[in-house]
>>> print(open('query_18.tsv').read())   # TSV, C-alpha atoms
chain	number	residue	atom	x	y	z
A	612	MET	CA	87.27	140.42	-64.22
A	613	PHE	CA	85.84	136.88	-64.16
A	614	TRP	CA	89.18	135.27	-63.34
A	615	ARG	CA	90.06	137.92	-60.77
A	616	ILE	CA	86.85	137.32	-58.88
A	617	TYR	CA	87.30	133.57	-59.33
A	618	LYS	CA	90.77	133.65	-57.73
A	619	ARG	CA	89.54	135.76	-54.83
A	620	LEU	CA	86.65	133.36	-54.23
A	621	LEU	CA	89.03	130.40	-54.10
A	622	TRP	CA	91.38	132.14	-51.67
A	623	ALA	CA	88.62	133.48	-49.45
A	624	SER	CA	87.02	130.03	-49.07
A	625	ARG	CA	90.21	127.98	-49.05
A	626	GLY	CA	89.32	126.22	-45.80
A	627	ARG	CA	85.99	124.80	-46.92
A	628	LEU	CA	87.29	124.12	-50.42
A	629	ALA	CA	90.22	122.19	-48.96
A	630	LEU	CA	87.74	119.98	-47.10
A	631	ALA	CA	85.77	119.45	-50.31
A	632	ILE	CA	88.96	118.57	-52.19
A	633	VAL	CA	89.88	116.05	-49.47
A	634	ALA	CA	86.43	114.47	-49.76
A	635	VAL	CA	86.68	114.22	-53.54
A	636	ALA	CA	90.29	113.00	-53.45
A	637	SER	CA	89.38	110.31	-50.92
A	638	GLY	CA	86.57	109.07	-53.09
A	639	ALA	CA	88.73	109.27	-56.21
A	640	THR	CA	91.48	107.27	-54.49
A	641	VAL	CA	89.16	104.40	-53.65
A	642	CYS	CA	87.44	104.51	-57.04
A	643	ALA	CA	90.68	104.60	-59.01
A	644	ALA	CA	92.13	101.76	-56.95
A	645	LEU	CA	89.05	99.59	-57.37
A	646	VAL	CA	88.73	100.30	-61.10
A	647	ASN	CA	92.40	99.41	-61.62
A	648	LEU	CA	91.86	96.22	-59.66
A	649	GLU	CA	88.68	95.39	-61.57
A	650	LEU	CA	90.41	95.80	-64.91
A	651	ASP	CA	93.37	93.70	-63.76
A	652	SER	CA	91.60	91.22	-61.47
A	653	SER	CA	90.32	89.00	-64.27
A	654	ASP	CA	93.82	88.27	-65.52
A	655	LYS	CA	95.24	87.92	-62.01
A	656	LEU	CA	92.48	85.57	-60.84
A	657	THR	CA	92.62	83.38	-63.93
A	658	ARG	CA	96.37	83.10	-63.41
A	659	GLU	CA	95.71	81.98	-59.83
A	660	PHE	CA	93.06	79.49	-61.02
A	661	ARG	CA	95.50	78.05	-63.54
A	662	THR	CA	97.63	76.83	-60.64
A	663	LEU	CA	94.74	74.61	-59.49
A	664	GLY	CA	95.19	72.07	-62.25
A	665	ALA	CA	93.86	71.27	-65.69
A	666	ASN	CA	90.52	72.72	-66.76
A	667	VAL	CA	90.29	71.20	-70.28
A	668	ILE	CA	90.73	67.51	-71.17
A	669	VAL	CA	91.17	65.83	-74.58
A	670	ALA	CA	90.37	62.11	-74.45
A	671	PRO	CA	89.33	59.27	-76.76
A	672	ALA	CA	85.63	59.26	-77.59
A	673	THR	CA	85.33	55.73	-76.19
A	674	MET	CA	87.12	54.20	-73.25
A	675	ALA	CA	87.26	50.51	-74.15
A	676	GLY	CA	90.14	48.27	-75.36
A	677	GLU	CA	92.86	49.77	-77.55
A	678	SER	CA	90.66	52.73	-78.32
A	679	ALA	CA	91.14	53.81	-74.69
A	680	THR	CA	94.37	55.38	-75.92
A	681	MET	CA	95.15	57.72	-78.77
A	682	GLU	CA	98.21	58.70	-80.75
A	683	GLN	CA	100.70	60.98	-79.05
A	684	ARG	CA	100.85	63.23	-82.10
A	685	VAL	CA	97.55	64.72	-80.91
A	686	ILE	CA	99.60	66.94	-78.61
A	687	ASP	CA	101.37	68.37	-81.68
A	688	GLN	CA	98.00	69.55	-83.02
A	689	ILE	CA	97.17	71.16	-79.70
A	690	GLY	CA	100.57	72.75	-79.19
A	691	ASP	CA	103.67	72.05	-77.15
A	692	PRO	CA	103.95	74.66	-74.38
A	693	ILE	CA	107.65	75.45	-74.12
A	694	GLY	CA	109.72	78.38	-73.04
A	695	ASP	CA	107.25	80.60	-71.23
A	696	GLY	CA	104.64	77.87	-71.20
A	697	ILE	CA	102.38	79.31	-73.86
A	698	GLY	CA	101.41	76.91	-76.60
A	699	SER	CA	99.74	77.23	-79.96
A	700	ILE	CA	96.61	75.68	-81.38
A	701	GLY	CA	96.70	77.67	-84.59
A	702	THR	CA	94.16	80.23	-83.40
A	703	PRO	CA	94.40	83.86	-82.21
A	704	GLU	CA	93.53	82.65	-78.69
A	705	ALA	CA	96.66	80.47	-78.49
A	706	ALA	CA	98.12	82.55	-75.66
A	707	GLU	CA	95.32	81.33	-73.40
A	708	ILE	CA	96.99	77.90	-73.10
A	709	VAL	CA	99.22	78.01	-70.04
A	710	ALA	CA	100.29	74.35	-69.93
A	711	ALA	CA	99.41	71.06	-71.60
A	712	SER	CA	100.59	67.53	-70.89
A	713	PRO	CA	99.81	64.13	-72.40
A	714	TYR	CA	99.08	61.36	-69.88
A	715	LEU	CA	99.33	57.58	-70.11
A	716	TYR	CA	97.79	55.57	-67.27
A	717	LEU	CA	98.41	51.90	-66.54
A	718	ALA	CA	97.88	49.47	-63.69
A	719	ALA	CA	101.24	48.10	-62.57
A	720	GLN	CA	102.78	46.17	-59.70
A	721	ALA	CA	105.17	47.97	-57.38
A	722	GLY	CA	107.78	46.53	-55.03
A	723	GLU	CA	109.46	43.16	-54.93
A	724	PRO	CA	107.70	40.27	-56.72
A	725	THR	CA	107.02	38.51	-53.41
A	726	HIS	CA	105.40	41.63	-51.92
A	727	ALA	CA	103.98	43.32	-55.02
A	728	VAL	CA	101.38	46.02	-54.47
A	729	PRO	CA	99.03	47.15	-57.27
A	730	VAL	CA	99.44	50.81	-58.13
A	731	ILE	CA	98.34	53.24	-60.83
A	732	VAL	CA	101.25	54.63	-62.82
A	733	ALA	CA	100.74	57.99	-64.53
A	734	GLY	CA	103.19	58.89	-67.25
A	735	ALA	CA	103.27	62.56	-68.21
A	736	TRP	CA	105.39	65.53	-69.15
A	737	LEU	CA	106.43	66.26	-65.60
A	738	ASP	CA	107.53	69.83	-66.37
A	739	GLN	CA	103.99	70.66	-67.52
A	740	VAL	CA	102.47	68.77	-64.59
A	741	ALA	CA	104.49	70.98	-62.25
A	742	ARG	CA	103.22	74.09	-64.09
A	743	MET	CA	99.57	73.03	-63.93
A	744	ASN	CA	99.67	71.83	-60.33
A	745	SER	CA	101.97	74.24	-58.56
A	746	TRP	CA	99.63	74.12	-55.56
A	747	TRP	CA	100.62	70.50	-54.85
A	748	GLN	CA	102.52	69.99	-51.62
A	749	VAL	CA	105.62	67.89	-52.28
A	750	GLN	CA	107.74	66.36	-49.57
A	751	GLY	CA	111.23	66.18	-51.01
A	752	GLN	CA	111.86	67.44	-54.54
A	753	ARG	CA	109.48	68.07	-57.40
A	754	VAL	CA	110.52	66.54	-60.73
A	755	THR	CA	110.46	69.36	-63.30
A	756	GLU	CA	112.33	67.69	-66.18
A	757	ARG	CA	110.11	66.40	-68.99
A	758	ASP	CA	112.07	63.21	-69.73
A	759	ASP	CA	113.74	61.91	-66.58
A	760	PRO	CA	113.30	58.11	-66.45
A	761	ALA	CA	115.56	57.79	-63.40
A	762	ARG	CA	113.32	59.83	-61.07
A	763	CYS	CA	109.63	59.70	-60.22
A	764	MET	CA	107.16	61.05	-57.66
A	765	ALA	CA	104.79	59.02	-55.49
A	766	GLY	CA	101.39	60.11	-54.20
A	767	ARG	CA	100.96	60.14	-50.45
A	768	ALA	CA	98.70	57.06	-50.35
A	769	ALA	CA	100.92	55.10	-52.73
A	770	ALA	CA	104.04	56.04	-50.77
A	771	SER	CA	102.35	54.97	-47.53
A	772	SER	CA	101.32	51.55	-48.86
A	773	LEU	CA	104.78	50.94	-50.34
A	774	HIS	CA	106.64	52.48	-47.36
A	775	LEU	CA	108.41	54.92	-49.64
A	776	ALA	CA	110.20	58.13	-48.68
A	777	PRO	CA	112.10	60.66	-50.80
A	778	GLY	CA	115.34	59.04	-51.94
A	779	ASP	CA	114.02	55.46	-51.96
A	780	ARG	CA	113.89	53.39	-55.13
A	781	VAL	CA	110.75	51.67	-56.38
A	782	LYS	CA	110.43	48.90	-58.96
A	783	LEU	CA	107.43	48.94	-61.30
A	784	ARG	CA	106.32	45.92	-63.35
A	785	HIS	CA	103.74	45.47	-66.08
A	786	ASP	CA	103.34	42.58	-68.56
A	787	GLY	CA	106.87	41.31	-68.08
A	788	ARG	CA	108.49	44.77	-68.31
A	789	GLU	CA	110.27	46.35	-65.36
A	790	LEU	CA	111.25	49.90	-64.52
A	791	SER	CA	113.17	51.19	-61.52
A	792	CYS	CA	113.22	54.82	-60.46
A	793	ALA	CA	114.22	56.94	-57.47
A	794	VAL	CA	111.42	58.67	-55.60
A	795	ALA	CA	112.30	62.37	-55.70
A	796	GLY	CA	109.26	63.54	-53.74
A	797	VAL	CA	105.95	62.53	-52.19
A	798	VAL	CA	102.91	64.36	-53.60
A	799	ILE	CA	100.10	65.55	-51.32
A	800	ALA	CA	97.23	66.63	-53.56
A	801	GLY	CA	94.14	65.48	-51.67
A	802	GLY	CA	92.67	63.65	-54.66
A	803	SER	CA	93.18	60.62	-56.84
A	804	GLU	CA	96.76	61.77	-57.49
A	805	ASP	CA	97.68	60.63	-53.97
A	806	SER	CA	97.31	56.99	-55.04
A	807	GLN	CA	99.44	57.30	-58.21
A	808	ILE	CA	103.11	57.13	-59.06
A	809	PHE	CA	104.23	59.76	-61.57
A	810	VAL	CA	106.90	58.89	-64.11
A	811	SER	CA	107.97	60.41	-67.40
A	812	LEU	CA	105.73	59.74	-70.40
A	813	ALA	CA	108.47	57.80	-72.19
A	814	ALA	CA	108.97	55.57	-69.14
A	815	ALA	CA	105.23	54.82	-68.91
A	816	GLN	CA	105.09	54.03	-72.64
A	817	TYR	CA	108.00	51.62	-72.29
A	818	LEU	CA	106.49	49.96	-69.22
A	819	SER	CA	103.10	49.49	-70.90
A	820	GLY	CA	104.50	48.56	-74.31
A	821	ARG	CA	102.48	51.37	-75.91
A	822	GLU	CA	105.11	53.58	-77.50
A	823	GLY	CA	103.57	56.60	-79.16
A	824	ARG	CA	100.23	56.16	-77.35
A	825	ILE	CA	98.63	58.30	-74.63
A	826	SER	CA	95.44	58.06	-72.55
A	827	LEU	CA	94.45	61.74	-72.61
A	828	VAL	CA	95.74	65.31	-72.67
A	829	GLN	CA	95.21	67.69	-69.77
A	830	MET	CA	95.40	71.43	-70.42
A	831	SER	CA	95.35	74.53	-68.31
A	832	VAL	CA	93.63	77.32	-70.25
A	833	ARG	CA	93.53	80.91	-69.04
A	834	GLY	CA	90.25	82.78	-69.44
A	835	ASP	CA	86.70	83.02	-68.17
A	836	ALA	CA	84.04	80.39	-68.85
A	837	PRO	CA	82.99	81.69	-72.33
A	838	GLU	CA	86.63	81.94	-73.45
A	839	ILE	CA	87.36	78.42	-72.24
A	840	ASP	CA	84.26	77.13	-74.04
A	841	GLY	CA	85.51	78.84	-77.20
A	842	VAL	CA	88.87	77.04	-76.95
A	843	VAL	CA	87.02	73.75	-76.35
A	844	GLN	CA	84.90	74.27	-79.47
A	845	ARG	CA	87.91	75.10	-81.63
A	846	LEU	CA	89.82	72.08	-80.37
A	847	ALA	CA	86.81	69.84	-80.96
A	848	GLY	CA	86.68	71.03	-84.56
A	849	ALA	CA	90.42	70.50	-85.01
A	850	LEU	CA	90.40	67.03	-83.40
A	851	PRO	CA	87.53	65.04	-84.93
A	852	GLY	CA	86.89	61.68	-83.30
A	853	LEU	CA	88.18	62.85	-79.92
A	854	GLU	CA	86.28	64.17	-76.94
A	855	VAL	CA	87.21	67.67	-75.78
A	856	ARG	CA	85.55	68.72	-72.57
A	857	PRO	CA	86.12	71.36	-69.88
A	858	VAL	CA	86.39	70.52	-66.21
A	859	ARG	CA	83.13	72.22	-65.30
A	860	GLN	CA	83.85	72.54	-61.60
A	861	LEU	CA	86.88	74.76	-62.18
A	862	ALA	CA	85.37	76.76	-65.04
A	863	ALA	CA	82.09	77.38	-63.19
A	864	ALA	CA	83.82	78.29	-59.93
A	865	GLU	CA	86.09	80.73	-61.75
A	866	GLY	CA	83.19	82.35	-63.57
A	867	ARG	CA	81.11	82.75	-60.40
A	868	LEU	CA	84.00	84.24	-58.47
A	869	LEU	CA	84.82	86.75	-61.22
A	870	GLU	CA	81.17	87.83	-61.45
A	871	ARG	CA	80.87	88.30	-57.70
A	872	ILE	CA	84.08	90.28	-57.43
A	873	ARG	CA	83.07	92.47	-60.37
A	874	GLY	CA	79.65	93.12	-58.81
A	875	LEU	CA	81.21	93.93	-55.44
A	876	LEU	CA	83.67	96.39	-56.99
A	877	VAL	CA	80.96	98.15	-59.01
A	878	ALA	CA	78.68	98.47	-55.96
A	879	THR	CA	81.56	99.81	-53.86
A	880	VAL	CA	82.50	102.40	-56.51
A	881	LEU	CA	78.89	103.63	-56.70
A	882	LEU	CA	78.68	103.91	-52.92
A	883	ILE	CA	81.96	105.86	-52.77
A	884	LEU	CA	80.72	108.26	-55.47
A	885	VAL	CA	77.53	108.93	-53.52
A	886	LEU	CA	79.50	109.57	-50.30
A	887	SER	CA	81.89	111.89	-52.15
A	888	ALA	CA	78.95	113.86	-53.56
A	889	LEU	CA	77.51	114.18	-50.05
A	890	GLY	CA	80.87	115.50	-48.79
A	891	VAL	CA	80.94	118.14	-51.51
A	892	LEU	CA	77.29	118.91	-50.83
A	893	ALA	CA	78.02	119.65	-47.17
A	894	ALA	CA	80.95	121.92	-48.04
A	895	MET	CA	79.03	123.78	-50.72
A	896	ALA	CA	76.01	124.25	-48.47
A	897	GLY	CA	78.25	126.07	-46.00
A	898	LEU	CA	79.68	128.19	-48.80
A	899	ALA	CA	76.18	129.09	-49.98
A	900	LEU	CA	75.30	130.48	-46.56
A	901	GLU	CA	78.57	132.43	-46.32
A	902	ARG	CA	78.21	134.02	-49.75
A	903	ARG	CA	74.68	135.37	-49.62
A	904	SER	CA	75.95	138.89	-49.00
A	905	ASP	CA	78.56	138.61	-51.79
A	906	VAL	CA	75.93	137.42	-54.25
A	907	GLY	CA	73.53	140.16	-53.23
A	908	LEU	CA	76.22	142.80	-53.75
A	909	MET	CA	77.15	141.38	-57.20
A	910	LYS	CA	73.51	141.43	-58.23
A	911	ALA	CA	73.13	145.02	-57.00
A	912	LEU	CA	76.12	145.99	-59.14
A	913	GLY	CA	74.49	144.50	-62.25
A	914	GLY	CA	75.84	140.97	-62.24
A	915	SER	CA	73.58	138.39	-63.89
A	916	VAL	CA	72.53	135.16	-62.23
A	917	ARG	CA	74.17	133.21	-65.08
A	918	SER	CA	77.59	134.85	-64.62
A	919	ILE	CA	77.39	134.41	-60.84
A	920	MET	CA	76.51	130.70	-61.17
A	921	ARG	CA	79.31	130.29	-63.69
A	922	LEU	CA	81.78	131.48	-61.05
A	923	PHE	CA	80.57	128.99	-58.46
A	924	LEU	CA	80.36	126.08	-60.92
A	925	ALA	CA	83.95	126.82	-62.00
A	926	GLU	CA	84.89	126.65	-58.34
A	927	ALA	CA	83.16	123.28	-57.97
A	928	ALA	CA	84.80	121.98	-61.15
A	929	THR	CA	88.20	123.00	-59.75
A	930	VAL	CA	87.45	120.94	-56.64
A	931	GLY	CA	86.60	117.97	-58.86
A	932	VAL	CA	89.72	118.31	-61.04
A	933	LEU	CA	92.14	118.71	-58.14
A	934	GLY	CA	90.50	115.93	-56.14
A	935	GLY	CA	90.42	113.66	-59.19
A	936	ILE	CA	94.11	114.21	-60.03
A	937	ILE	CA	95.23	113.64	-56.45
A	938	GLY	CA	92.97	110.62	-56.07
A	939	SER	CA	94.08	109.04	-59.37
A	940	GLY	CA	97.70	109.02	-58.28
A	941	ALA	CA	96.92	107.83	-54.77
A	942	GLY	CA	94.52	105.20	-56.15
A	943	LEU	CA	97.25	103.69	-58.30
A	944	LEU	CA	99.50	103.37	-55.24
A	945	VAL	CA	96.66	101.76	-53.26
A	946	ALA	CA	95.94	99.35	-56.14
A	947	GLN	CA	99.62	98.38	-56.27
A	948	TRP	CA	99.62	97.71	-52.53
A	949	ILE	CA	96.47	95.59	-52.73
A	950	GLY	CA	97.82	93.72	-55.76
A	951	ARG	CA	101.04	92.80	-53.98
A	952	SER	CA	99.19	91.86	-50.80
A	953	VAL	CA	96.51	89.72	-52.48
A	954	PHE	CA	98.06	88.51	-55.74
A	955	SER	CA	101.75	88.90	-54.85
A	956	ALA	CA	102.09	90.79	-58.12
A	957	ALA	CA	101.94	94.42	-59.19
A	958	VAL	CA	98.72	95.70	-60.74
A	959	THR	CA	99.17	96.79	-64.33
A	960	PRO	CA	98.39	100.55	-64.54
A	961	ARG	CA	95.63	101.45	-66.99
A	962	LEU	CA	96.10	104.91	-68.53
A	963	VAL	CA	92.38	105.29	-69.16
A	964	VAL	CA	91.62	105.19	-65.42
A	965	ALA	CA	93.12	108.62	-64.61
A	966	PRO	CA	91.15	110.77	-67.09
A	967	VAL	CA	87.97	108.82	-66.43
A	968	THR	CA	88.42	109.28	-62.67
A	969	VAL	CA	88.97	113.04	-63.07
A	970	ALA	CA	85.90	113.37	-65.32
A	971	VAL	CA	83.72	111.41	-62.90
A	972	MET	CA	84.93	113.46	-59.93
A	973	VAL	CA	84.14	116.70	-61.78
A	974	MET	CA	80.59	115.43	-62.34
A	975	VAL	CA	80.36	114.42	-58.68
A	976	ALA	CA	81.56	117.86	-57.56
A	977	LEU	CA	79.09	119.62	-59.85
A	978	ALA	CA	76.29	117.40	-58.55
A	979	GLY	CA	77.34	118.25	-55.00
A	980	ALA	CA	77.25	121.96	-55.85
A	981	LEU	CA	73.46	121.97	-56.23
A	982	PRO	CA	72.98	124.11	-53.06
A	983	LEU	CA	74.66	126.99	-54.91
A	984	ARG	CA	71.55	127.23	-57.08
A	985	LEU	CA	69.83	128.73	-54.06
A	986	LEU	CA	72.10	131.75	-54.40
A	987	GLY	CA	70.21	132.75	-57.54
A	988	ARG	CA	67.17	133.52	-55.38
A	989	VAL	CA	69.00	136.05	-53.22
A	990	ARG	CA	67.42	139.53	-53.40
A	991	PRO	CA	69.90	142.43	-53.36
A	992	ALA	CA	67.52	144.71	-51.44
A	993	GLU	CA	67.29	142.23	-48.53
A	994	ILE	CA	71.09	141.90	-48.40
A	995	LEU	CA	71.64	145.68	-48.49
A	996	ARG	CA	69.09	146.11	-45.62
A	997	ASN	CA	71.01	143.40	-43.69
A	998	GLU	CA	68.00	141.11	-43.75
>>> encode(input="query_18.tsv", output="structure tokens")
Amino acid sequence: MFWRIYKRLLWASRGRLALAIVAVASGATVCAALVNLELDSSDKLTREFRTLGANVIVAPATMAGESATMEQRVIDQIGDPIGDGIGSIGTPEAAEIVAASPYLYLAAQAGEPTHAVPVIVAGAWLDQVARMNSWWQVQGQRVTERDDPARCMAGRAAASSLHLAPGDRVKLRHDGRELSCAVAGVVIAGGSEDSQIFVSLAAAQYLSGREGRISLVQMSVRGDAPEIDGVVQRLAGALPGLEVRPVRQLAAAEGRLLERIRGLLVATVLLILVLSALGVLAAMAGLALERRSDVGLMKALGGSVRSIMRLFLAEAATVGVLGGIIGSGAGLLVAQWIGRSVFSAAVTPRLVVAPVTVAVMVMVALAGALPLRLLGRVRPAEILRNE
């Protein structure tokens, strides 16, 4: 009998229930999309931040004389990012290292001896430099081979002072040593890199006469500020005598942005849940007015208030389940669309989102069904007298 009455109630009120399901499904769509984005945004954003350059630096503890450099084998203790770019530092968090490159800086003379111009030469693993600084604008070609002594890149300011363009050759001199390379591209970074000439690490070591020595190591580490600090602490313990420090501007900016986005998403989800509950509330209030006579008749026939309320709560739960299921699927599609539009990458589906969304929507629908409690106060005698 319960299920027969339940089916008839659903069919008789299909119009209003359809509106309630649309309200719940709309809210569930937005909530599921935002929750999927929130769970995936941290990884996506840290990936985007990792294209802005190094955020961890390993350098000598003092910057004077020969001690301004350190042995190149330090990079072996940190890890050599190869293949997919993920290195190893002997810890479970090794996958957080996206790229790492040793650097050797020296002041050299560029151009012909009669018109030599002082310039800063930066020797590095150019494949890792390209990975860490993919946001650089390069006129010409970007050097992506690690050891390519025949090609180099010039910063915009250095290229302007030396009148260099992609394809030109430049001669570099330092302490009686000379190196010639072809300028593959001109780098526009907007910082100190614009005044440097980038060559392979081996070429810079030859030019400076410091084989096996480097000035520092720059690393791009994926993660929020606490995770980056954890990597810094582990590296500091593994590399005694060296200074390991994060680039605070990048780490702090990343942390602030993640916190703000997370707060915005949470506030939006709460607002959508409230609006969905109000939509169900409006639909159920109309149903309560329509069903006064039905409730009065059921009471006159001996139906208890508990059994009557159980019918209407089952109806509200059905609205929540159907709306939650529809909204979960639609929310995943919306999240995928937003992910491709904002991050140019698909959002990774989280299986936990669907059941959680359905459960939350059922609670929202039951909360919106509060007007049905008024039906318990209906008096059969008044209904039978058409009052």
>>> closest_residue(input="query_18.tsv", among="A:Ser771, A:Ser952, A:Ser637, A:Gln752", to="A:Ala888", atoms="all atoms listed in the file")
A:Ser637
>>> residues_around(input="query_18.tsv", residues="A:Ser803", least_positions_apart="6", cutoff="12 Å", atoms="all atoms listed in the file", output="PDB file with C-alpha atoms, in the coordinates of the input")
ATOM      1  CA  VAL A 730      99.440  50.810 -58.130  1.00  0.00           C
ATOM      2  CA  ILE A 731      98.340  53.240 -60.830  1.00  0.00           C
ATOM      3  CA  VAL A 732     101.250  54.630 -62.820  1.00  0.00           C
ATOM      4  CA  ALA A 733     100.740  57.990 -64.530  1.00  0.00           C
ATOM      5  CA  ALA A 765     104.790  59.020 -55.490  1.00  0.00           C
ATOM      6  CA  GLY A 766     101.390  60.110 -54.200  1.00  0.00           C
ATOM      7  CA  ARG A 767     100.960  60.140 -50.450  1.00  0.00           C
ATOM      8  CA  ALA A 768      98.700  57.060 -50.350  1.00  0.00           C
ATOM      9  CA  ALA A 769     100.920  55.100 -52.730  1.00  0.00           C
TER      10      ALA A 769
END
>>> atom_distance(input="query_18.tsv", atom1="atom CA of A:Tyr817", atom2="atom CA of A:Trp747")
26.7 Å
>>> residues_around(input="query_18.tsv", residues="A:Met681", least_positions_apart="3", cutoff="7 Å", atoms="all atoms listed in the file", output="list in words")
Pro671, Ser678, Arg824, Ile825 and Ser826 of chain A
>>> atom_distance(input="query_18.tsv", atom1="atom CA of A:Gly841", atom2="atom CA of A:Gly823")
28.7 Å
>>> atom_distance(input="query_18.tsv", atom1="atom CA of A:Ile949", atom2="atom CA of A:Gly874")
18.1 Å
>>> residues_near_point(input="query_18.tsv", point="(105.1, 40.1, -65.5)", cutoff="10 Å", atoms="only C-alpha atoms", output="MDAnalysis selection string")
chainID A and resid 719:720 724 784:789
>>> closest_residue(input="query_18.tsv", among="A:Gly802, A:Ser791, A:Ala670, A:Gly796", to="A:Pro851", atoms="all atoms listed in the file")
A:Ala670
>>> closest_residue(input="query_18.tsv", among="A:Leu648, A:Val709, A:Ala634, A:Ala893", to="A:Val964", atoms="only C-alpha atoms")
A:Leu648
>>> closest_residue(input="query_18.tsv", among="A:Ile872, A:Leu977, A:Val958, A:Ile937", to="A:Arg921", atoms="only C-alpha atoms")
A:Leu977
